[in-house]
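As structure tokens, the structure follows; a few thoughts come after it.
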Amino acid sequence: MTAAALRAVRAVVFDTDGVITDSARVHAAAWKAAFDVCLREHPPEEPVCRRPFDAEADYLRYVDGKSHLDGAASFLASRGLRLAEAAVAEVAAHKERLFTERLRDGEIGAYPGTVRLLRALHGDGVPLAAASASRHARELLTRSGVLDLFDALVDGAEAARLRLPGKPDPALFLEAARRLGPPPVRTAVVEDALAGVEAGRRGGFGLVIGVDRTARPATRDALLRHGAHLVVRDLTELLVEAAEGGSP
């Protein structure tokens, strides 16, 4: 049974990386490798800007939830680098190659707590969508065995085809909600990225749930500041036992 927070909504849109699948860590590692090479090849003038990419703090602040090009440009700008578009694109392409290699080499599964919530919502007949800036979302969901729980998927390939702007613009989530039917005000967004929760709030979604798997107060506070109505560490917190709940 779902908790009271979800009982007022008629549909739910889930981000993919870090919310459904344990793939955010692989994205972060690939970004770190690509950025560290770039910083060695283009060392910033200011010594304070030469520090390597932090796979936790910098990933969450600059690239998580954004398109490859937007994420690459955002981080490089934070280090004082204003590279040509072609150079930024090469950093993003390098990251993509690294992620693809690691995706093929290892297993990336779905979070058990997320799977439990998805099955509960699916069982209750709640329309569900997965949304992601990544072109790998369909493969990740298929490999994790959860693709059939979703009524709609809007991934990076679809976003490019429709020319949807990246987060924090809400276009990706709004397109996912449109495919489900209920209006945004009756739809929840579940997201772990700062840009994503901001997109949910900008899109007028009735409930924006932030997921903080770091369990750090600073991360929770940042998610709330960017637009989350509530923050959970694991999506099992959105479930209640039958003995406690009553009718969902």
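The way I read the labels, and the way they are meant: chains A, B, ... in the order of the structure tokens, residue 1 as the first residue of every chain, and ligand 1 as the first ligand shown, with later ones counted on from there.
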
When you look at segment 82-97 of chain A with a cut-off of 8 Å (counting only C-alpha atoms), what residues show up, excluding the ones that are within fewer than 2 positions of it in the same chain? I need them as a count of residues only. 16

Would you mind listing what lies within 12 Å of Arg119 of chain A as a ChimeraX atom specification, with only C-alpha atoms counted and same-chain residues fewer than 5 positions away left out? /A:1-2,112-114,124-128,145-150,235-236,239

Exercise: Ala171 of chain A partners within 10 Å, only C-alpha atoms, chain neighbours under 2 positions left out, as a VMD selection string: chain A and resid 159 162 to 169 173 to 177 199 to 200 202 to 203

As JSON, numbers by chain, please: every residue in segment 70-177 of chain A that a backbone DSSP assignment puts in helix (DSSP H, G or I). {"A": [70, 71, 72, 73, 74, 75, 76, 77, 78, 85, 86, 87, 88, 89, 90, 91, 92, 93, 94, 95, 96, 97, 98, 99, 100, 101, 102, 103, 104, 105, 112, 113, 114, 115, 116, 117, 118, 119, 120, 121, 122, 123, 137, 138, 139, 140, 141, 142, 143, 147, 148, 149, 156, 157, 158, 159, 160, 161, 162, 171, 172, 173, 174, 175, 176, 177]}

Using only C-alpha atoms, determine which residues lie at most 7 Å from Leu223 of chain A, disregarding the query and same-chain residues fewer than 4 positions distant; provide the list as a ChimeraX atom specification. /A:194,197,210,219,227-228

Store the residues picked out above in a file with N, CA and C atoms, as a compact mmCIF listing (two decimals), in the first residue's frame.
# COMPACT_ATOMS: atom_id res chain seq x y z
N LEU A 194 19.17 17.78 -8.46
CA LEU A 194 18.72 19.14 -8.16
C LEU A 194 18.00 19.75 -9.35
N VAL A 197 14.41 18.10 -9.57
CA VAL A 197 13.35 18.57 -8.66
C VAL A 197 12.94 20.00 -9.02
N GLY A 210 11.94 14.24 -3.68
CA GLY A 210 13.38 14.15 -3.85
C GLY A 210 13.90 12.87 -3.23
N THR A 219 22.56 17.54 1.33
CA THR A 219 21.90 17.11 0.10
C THR A 219 20.38 17.22 0.24
N GLY A 227 13.12 22.61 -4.89
CA GLY A 227 11.73 22.39 -5.24
C GLY A 227 11.06 21.15 -4.74
N ALA A 228 11.78 20.25 -4.05
CA ALA A 228 11.13 19.04 -3.56
C ALA A 228 10.15 19.38 -2.44

So, counting only C-alpha atoms, which residue among A:Ala152, A:Ala188, A:Ala218, A:Arg233 is closest to Ala8 of chain A? A:Ala188

Kindly assemble as CSV a list of the segment 6-106 of chain A residues that lie within 12 Å of segment 204-209 of chain A, each paired with its nearest atom pair and their distance in Å to one decimal, using only C-alpha atoms, sorted first by chain and then by ascending residue number.
residue,atom,partner,partner_atom,distance
A:Leu6,CA,A:Leu207,CA,8.1
A:Arg7,CA,A:Leu207,CA,10.7
A:Ala8,CA,A:Gly206,CA,8.9
A:Val9,CA,A:Gly206,CA,7.5
A:Arg10,CA,A:Gly206,CA,10.0
A:Ala11,CA,A:Gly206,CA,10.2
A:Val12,CA,A:Leu207,CA,9.1
A:Val13,CA,A:Val208,CA,9.7
A:Phe14,CA,A:Ile209,CA,9.6
A:Asp15,CA,A:Ile209,CA,10.5
A:Val19,CA,A:Ile209,CA,10.5

Write out the residues from the selection above, keeping N, CA and C atoms, as a PDB file, in the first residue's frame.
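Saved to result-v3.pdb:
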ATOM      1  N   LEU A   6       1.184   9.827  -1.647  1.00  0.00           N
ATOM      2  CA  LEU A   6       0.920   9.436  -3.029  1.00  0.00           C
ATOM      3  C   LEU A   6      -0.553   9.176  -3.319  1.00  0.00           C
ATOM      4  N   ARG A   7      -1.379   9.170  -2.302  1.00  0.00           N
ATOM      5  CA  ARG A   7      -2.778   8.812  -2.528  1.00  0.00           C
ATOM      6  C   ARG A   7      -3.575   9.928  -3.194  1.00  0.00           C
ATOM      7  N   ALA A   8      -3.042  11.140  -3.188  1.00  0.00           N
ATOM      8  CA  ALA A   8      -3.755  12.264  -3.790  1.00  0.00           C
ATOM      9  C   ALA A   8      -3.396  12.442  -5.266  1.00  0.00           C
ATOM     10  N   VAL A   9      -2.440  11.645  -5.790  1.00  0.00           N
ATOM     11  CA  VAL A   9      -2.038  11.803  -7.187  1.00  0.00           C
ATOM     12  C   VAL A   9      -2.631  10.685  -8.030  1.00  0.00           C
ATOM     13  N   ARG A  10      -2.743  10.961  -9.328  1.00  0.00           N
ATOM     14  CA  ARG A  10      -3.350   9.993 -10.244  1.00  0.00           C
ATOM     15  C   ARG A  10      -2.337   9.386 -11.206  1.00  0.00           C
ATOM     16  N   ALA A  11      -1.092   9.874 -11.183  1.00  0.00           N
ATOM     17  CA  ALA A  11      -0.042   9.336 -12.045  1.00  0.00           C
ATOM     18  C   ALA A  11       1.303   9.709 -11.430  1.00  0.00           C
ATOM     19  N   VAL A  12       2.352   8.960 -11.792  1.00  0.00           N
ATOM     20  CA  VAL A  12       3.677   9.223 -11.251  1.00  0.00           C
ATOM     21  C   VAL A  12       4.717   9.120 -12.364  1.00  0.00           C
ATOM     22  N   VAL A  13       5.607  10.114 -12.417  1.00  0.00           N
ATOM     23  CA  VAL A  13       6.728  10.122 -13.362  1.00  0.00           C
ATOM     24  C   VAL A  13       8.006   9.929 -12.567  1.00  0.00           C
ATOM     25  N   PHE A  14       8.792   8.918 -12.936  1.00  0.00           N
ATOM     26  CA  PHE A  14      10.038   8.603 -12.249  1.00  0.00           C
ATOM     27  C   PHE A  14      11.239   8.968 -13.112  1.00  0.00           C
ATOM     28  N   ASP A  15      12.194   9.667 -12.532  1.00  0.00           N
ATOM     29  CA  ASP A  15      13.510   9.762 -13.159  1.00  0.00           C
ATOM     30  C   ASP A  15      14.122   8.364 -13.155  1.00  0.00           C
ATOM     31  N   VAL A  19      17.228   6.846  -9.334  1.00  0.00           N
ATOM     32  CA  VAL A  19      15.899   6.697  -8.736  1.00  0.00           C
ATOM     33  C   VAL A  19      15.388   5.276  -8.969  1.00  0.00           C
TER      34      VAL A  19
END

Nearest to Arg143 of chain A by atom-to-atom distance, counting only C-alpha atoms, from A:Ala160, A:Val231, A:Ile20, A:Ala131: A:Ile20
